[in-house]
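Working notes, beginning with the structure itself.
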Amino acid sequence: MKKKNIFITGGAGYVGTLLTKKLLLLGHSVTVYDLMIYGEKVLSSHKNLHKIKGDIRDIQKIKDAIKGHDTIIHLACISNDPSFELNPKLGKSINLDSFRPLVEISLGNKVERFIYASSSSVYGIKKDLNVEETMSLEPLTDYSKYKAECEKILSEYVSDNFTSIILRPATVCGFSPRQRLDVVVNILTNLAFHRRKISVFGGDQLRPNIHINDMVDAYINLLFAPKEIVNGEIYNVGFENHSVQEIANIVKKCIGQDVVLQTIPTNDHRSYHISSDKIKKQLGFTARRTIDEAVLDLKKSFELGLLPNSFENENFYNLKKMQSINLQ
């Protein structure tokens with residue numbers, strides 16, 4: 001396996017920290033470019049790791065930092081709807097306005113491969129049983145609209161010398177050094193473990209999920225996938241399309257039968273379900289880890305005291321953190 005020089009924007013985030021750790025274990029050199037608003041300690045020290053505290057909107061800093069890298073994995077963004085809506089102007093400047101400059105800087109520095117983390121939310125609400133990559137995009141929020149816009153921008157630059165790949169991940173779940181407790185599986189597990197009660201709003205809505213370690217493996221798979229297969233391609237990456245009620249039942253099974261499930265009516269009937277057949281057929285990649293495993297990983301983390309003050313600690317909640325630092 002050829003060793004790569006990999007540049008990860010947002011590499012100190014929920015997925016980025018684990019991805020960085022695994023790439024270093026595989027012998028690659030990694031530069032993490034991140035605002036580090038959750039601290040640098042989420043990234044362990046390593047001789048092949050270079051940490052840069054920087055803003056994705058700082059064009060000159062990005063130009064200097066990218067030199068010498070052959071691969072970009074672009075994870076950095078304001079990463080959920082509530083955090084985005086807190087300051088739409090900020091969200092647009094980071095998620096959309098900075099994207100084309102990043103791509104062009106990458107091209108100018110002879111980067112060979114650019115992997116972009118989009119989102120399965122770009123599809124909007126679909127009634128189809130299997131939502132595939134060829135289906136129309138109907139994003140419902142600015143967050144997902146800008147993800148879709150960035151996909152279009154990247155598609156303009158596809159060439160033999162610049163391999164561009166887009167991933168549309170399901171909702172990620174499980175334990176990370178930079179933990180999030182504001183995504184559905186993790187929210188329900190936190191409630192079940194500490195309060196022994198889960199409130200399920202509606203319950204029939206489908207939510208595609210993927211274990212964080214499978215998400216990391218998907219990125220690594222794409223690092224070495226043949227250019228002639230992946231260049232210019234888009235891949236859904238998920239595993240289980242469970243309903244919110246089914247997720248709650250899995251959490252109860254893993255945490256304890258004493259956990260009480262309460263169903264509350266809701267007007268939010270958004271339902272998402274994606275097919276990950278394309279990445280399986282083309283690249284042989286399948287997610288292997290279950291929601292049960294993600295819940296049990298979190299349970300162990302709670303038991304070991306790795307996630308203290310899990311309802312109050314702003315580092316576990318993107319919206320609380322964004323409110324606290326008031327980034328402009």
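Ligands are numbered from 1 in the order shown, residues from 1 within each chain, and chains are lettered A, B, ... in the order they appear in the structure tokens.
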
- Message: I'd like the neighbourhood of Val230 (chain A) as a list of chain:residue names, where a residue qualifies if any of its atoms comes within 10 Å (using only C-alpha atoms), though same-chain residues fewer than 4 positions away should be ignored.
- Response: A:Thr163, A:Ser164, A:Ile165, A:Ile166, A:Leu222, A:Leu223, A:Phe224, A:Ala225, A:Pro226, A:Ile234, A:Tyr235, A:Ile279, A:Gln282, A:Leu283

Residues from last step as file, N, CA and C atoms, as a PDB file, in the first residue's frame:
ATOM      1  N   THR A 163      -8.818  13.369  -9.399  1.00  0.00           N
ATOM      2  CA  THR A 163      -9.879  12.404  -9.102  1.00  0.00           C
ATOM      3  C   THR A 163     -10.782  12.971  -8.003  1.00  0.00           C
ATOM      4  N   SER A 164     -12.048  13.185  -8.351  1.00  0.00           N
ATOM      5  CA  SER A 164     -13.012  13.775  -7.418  1.00  0.00           C
ATOM      6  C   SER A 164     -14.069  12.754  -7.038  1.00  0.00           C
ATOM      7  N   ILE A 165     -14.326  12.619  -5.750  1.00  0.00           N
ATOM      8  CA  ILE A 165     -15.292  11.633  -5.252  1.00  0.00           C
ATOM      9  C   ILE A 165     -16.187  12.305  -4.219  1.00  0.00           C
ATOM     10  N   ILE A 166     -17.472  12.026  -4.302  1.00  0.00           N
ATOM     11  CA  ILE A 166     -18.442  12.582  -3.361  1.00  0.00           C
ATOM     12  C   ILE A 166     -19.076  11.452  -2.562  1.00  0.00           C
ATOM     13  N   LEU A 222     -11.871   4.593  -0.222  1.00  0.00           N
ATOM     14  CA  LEU A 222     -11.855   5.484  -1.384  1.00  0.00           C
ATOM     15  C   LEU A 222     -10.470   6.074  -1.671  1.00  0.00           C
ATOM     16  N   LEU A 223      -9.593   6.022  -0.691  1.00  0.00           N
ATOM     17  CA  LEU A 223      -8.229   6.513  -0.908  1.00  0.00           C
ATOM     18  C   LEU A 223      -7.504   5.703  -1.982  1.00  0.00           C
ATOM     19  N   PHE A 224      -7.822   4.409  -2.029  1.00  0.00           N
ATOM     20  CA  PHE A 224      -7.070   3.518  -2.911  1.00  0.00           C
ATOM     21  C   PHE A 224      -7.936   2.886  -4.008  1.00  0.00           C
ATOM     22  N   ALA A 225      -9.213   3.245  -4.049  1.00  0.00           N
ATOM     23  CA  ALA A 225     -10.079   2.698  -5.101  1.00  0.00           C
ATOM     24  C   ALA A 225      -9.575   3.158  -6.467  1.00  0.00           C
ATOM     25  N   PRO A 226      -9.640   2.283  -7.479  1.00  0.00           N
ATOM     26  CA  PRO A 226      -9.103   2.618  -8.809  1.00  0.00           C
ATOM     27  C   PRO A 226      -9.724   3.892  -9.379  1.00  0.00           C
ATOM     28  N   ILE A 234     -20.382   9.471  -7.230  1.00  0.00           N
ATOM     29  CA  ILE A 234     -21.080   9.811  -5.982  1.00  0.00           C
ATOM     30  C   ILE A 234     -21.524   8.503  -5.335  1.00  0.00           C
ATOM     31  N   TYR A 235     -21.296   8.398  -4.022  1.00  0.00           N
ATOM     32  CA  TYR A 235     -21.668   7.166  -3.314  1.00  0.00           C
ATOM     33  C   TYR A 235     -22.457   7.464  -2.041  1.00  0.00           C
ATOM     34  N   ILE A 279     -21.872   1.481  -3.897  1.00  0.00           N
ATOM     35  CA  ILE A 279     -20.505   1.369  -3.368  1.00  0.00           C
ATOM     36  C   ILE A 279     -20.149  -0.099  -3.104  1.00  0.00           C
ATOM     37  N   GLN A 282     -19.578  -1.578  -6.873  1.00  0.00           N
ATOM     38  CA  GLN A 282     -18.401  -1.055  -7.575  1.00  0.00           C
ATOM     39  C   GLN A 282     -17.098  -1.296  -6.817  1.00  0.00           C
ATOM     40  N   LEU A 283     -17.154  -1.198  -5.485  1.00  0.00           N
ATOM     41  CA  LEU A 283     -15.920  -1.240  -4.705  1.00  0.00           C
ATOM     42  C   LEU A 283     -15.875  -2.360  -3.679  1.00  0.00           C
TER      43      LEU A 283
END

- Residues within 8 Å of Val30 (chain A), only C-alpha atoms, excluding chain neighbours under 4 positions, as a ChimeraX atom specification: /A:5-8,20,23-24,48-50

Selection file, N, CA and C atoms, as a tab-separated table (two decimals), in the first residue's frame:
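Writing done, so here's result.tsv:
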chain	number	residue	atom	x	y	z
A	5	ASN	N	0.26	11.39	1.60
A	5	ASN	CA	0.26	12.62	2.39
A	5	ASN	C	-1.15	13.20	2.31
A	6	ILE	N	-1.88	13.07	3.40
A	6	ILE	CA	-3.32	13.36	3.38
A	6	ILE	C	-3.61	14.62	4.19
A	7	PHE	N	-4.41	15.48	3.60
A	7	PHE	CA	-4.83	16.74	4.22
A	7	PHE	C	-6.31	16.62	4.56
A	8	ILE	N	-6.64	16.70	5.85
A	8	ILE	CA	-8.04	16.55	6.27
A	8	ILE	C	-8.55	17.86	6.87
A	20	THR	N	-8.33	10.19	11.31
A	20	THR	CA	-6.91	10.56	11.46
A	20	THR	C	-6.14	9.47	12.19
A	23	LEU	N	-5.65	6.40	9.90
A	23	LEU	CA	-4.70	6.66	8.81
A	23	LEU	C	-3.26	6.64	9.33
A	24	LEU	N	-3.05	7.20	10.51
A	24	LEU	CA	-1.71	7.20	11.10
A	24	LEU	C	-1.27	5.77	11.43
A	48	ASN	N	3.85	11.41	12.55
A	48	ASN	CA	3.39	11.68	11.17
A	48	ASN	C	2.15	12.57	11.13
A	49	LEU	N	1.83	13.19	12.28
A	49	LEU	CA	0.65	14.06	12.34
A	49	LEU	C	1.09	15.52	12.47
A	50	HIS	N	0.53	16.35	11.59
A	50	HIS	CA	0.78	17.80	11.65
A	50	HIS	C	-0.56	18.48	11.90

- Tell me, in Å to one decimal, how far CA of Asp182 (chain A) is from CA of Asn315 (chain A).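 Atom-to-atom, CA of Asp182 (chain A) and CA of Asn315 (chain A) are spaced 10.5 Å apart.
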
- Query: What is the CA of Ser271 (chain A)-CA of Val244 (chain A) distance in Å, reported with one decimal?
  - Reply: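 Computing it gives 9.6 Å between the two atoms.
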
- Sel. of strand (DSSP E) residues, region 76-186 of chain A, as a ChimeraX atom specification: /A:113-117,163-169,171-173

Those residues with C-alpha atoms, as a compact mmCIF listing (two decimals), in the first residue's frame please?
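Now in part_2.txt:
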# COMPACT_ATOMS: atom_id res chain seq x y z
CA ARG A 113 -7.54 12.96 -5.19
CA PHE A 114 -10.27 15.07 -3.55
CA ILE A 115 -12.92 13.34 -1.41
CA TYR A 116 -15.90 15.45 -0.36
CA ALA A 117 -18.22 14.67 2.55
CA THR A 163 -9.88 12.40 -9.10
CA SER A 164 -13.01 13.77 -7.42
CA ILE A 165 -15.29 11.63 -5.25
CA ILE A 166 -18.44 12.58 -3.36
CA LEU A 167 -19.81 10.68 -0.38
CA ARG A 168 -23.36 11.04 0.89
CA PRO A 169 -23.20 9.52 4.36
CA THR A 171 -26.21 9.70 10.10
CA VAL A 172 -23.09 8.56 11.95
CA CYS A 173 -23.33 6.94 15.38

- Can you pull out every residue within 12 Å of Ser118 (chain A), counting only C-alpha atoms, but drop anything in the same chain fewer than 5 positions away, and send it as a PyMOL selection string? chain A and resi 73-80+95-96+99+123+139+143-152+154+165-171+234-237

- Task: For region 245-258 of chain A, please output as a ChimeraX atom specification all residues within 10 Å (counting only C-alpha atoms; exclusion window: fewer than 2 positions along the same chain).
- Result: /A:184-186,188-194,196-207,209,240-243,260-263,291-296,298-299

- Any idea what the distance is between CA of Thr290 (chain A) and CA of Ile212 (chain A)?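 These atoms are spaced 10.2 Å apart.
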
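Residues surrounding Asp128 (chain A) within 10 Å are Ile125, Lys126, Asn130, Val131, Glu132, Met135, Tyr272, His273 and Ile274 of chain A [only C-alpha atoms; sequence separation below 2 positions excluded].
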
For the residues selected in the previous step, produce a file with C-alpha atoms as an mmCIF file, in the first residue's frame.
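What ended up in part_22.cif:
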data_model
loop_
_atom_site.group_PDB
_atom_site.id
_atom_site.type_symbol
_atom_site.label_atom_id
_atom_site.label_comp_id
_atom_site.auth_asym_id
_atom_site.auth_seq_id
_atom_site.Cartn_x
_atom_site.Cartn_y
_atom_site.Cartn_z
ATOM 1 C CA ILE A 125 -37.983 13.394 1.527
ATOM 2 C CA LYS A 126 -38.395 10.468 -0.862
ATOM 3 C CA ASN A 130 -34.347 2.646 -2.049
ATOM 4 C CA VAL A 131 -32.977 6.132 -2.620
ATOM 5 C CA GLU A 132 -30.133 5.841 -5.120
ATOM 6 C CA MET A 135 -32.302 10.339 -7.996
ATOM 7 C CA TYR A 272 -34.907 9.257 5.007
ATOM 8 C CA HIS A 273 -33.775 5.932 3.594
ATOM 9 C CA ILE A 274 -30.847 5.336 1.290
#

Could you build a table of the residues in region 104-156 of chain A lying no more than 8 Å from region 61-67 of chain A, giving for each the nearest pair of atoms and their separation in Å rounded to one decimal place, using only C-alpha atoms, ordered by chain and ascending residue number, as a Markdown table?
| residue | atom | partner | partner_atom | distance |
| --- | --- | --- | --- | --- |
| A:Ile105 | CA | A:Lys63 | CA | 6.1 |
| A:Ser106 | CA | A:Ile66 | CA | 7.1 |
| A:Asn109 | CA | A:Lys67 | CA | 6.0 |
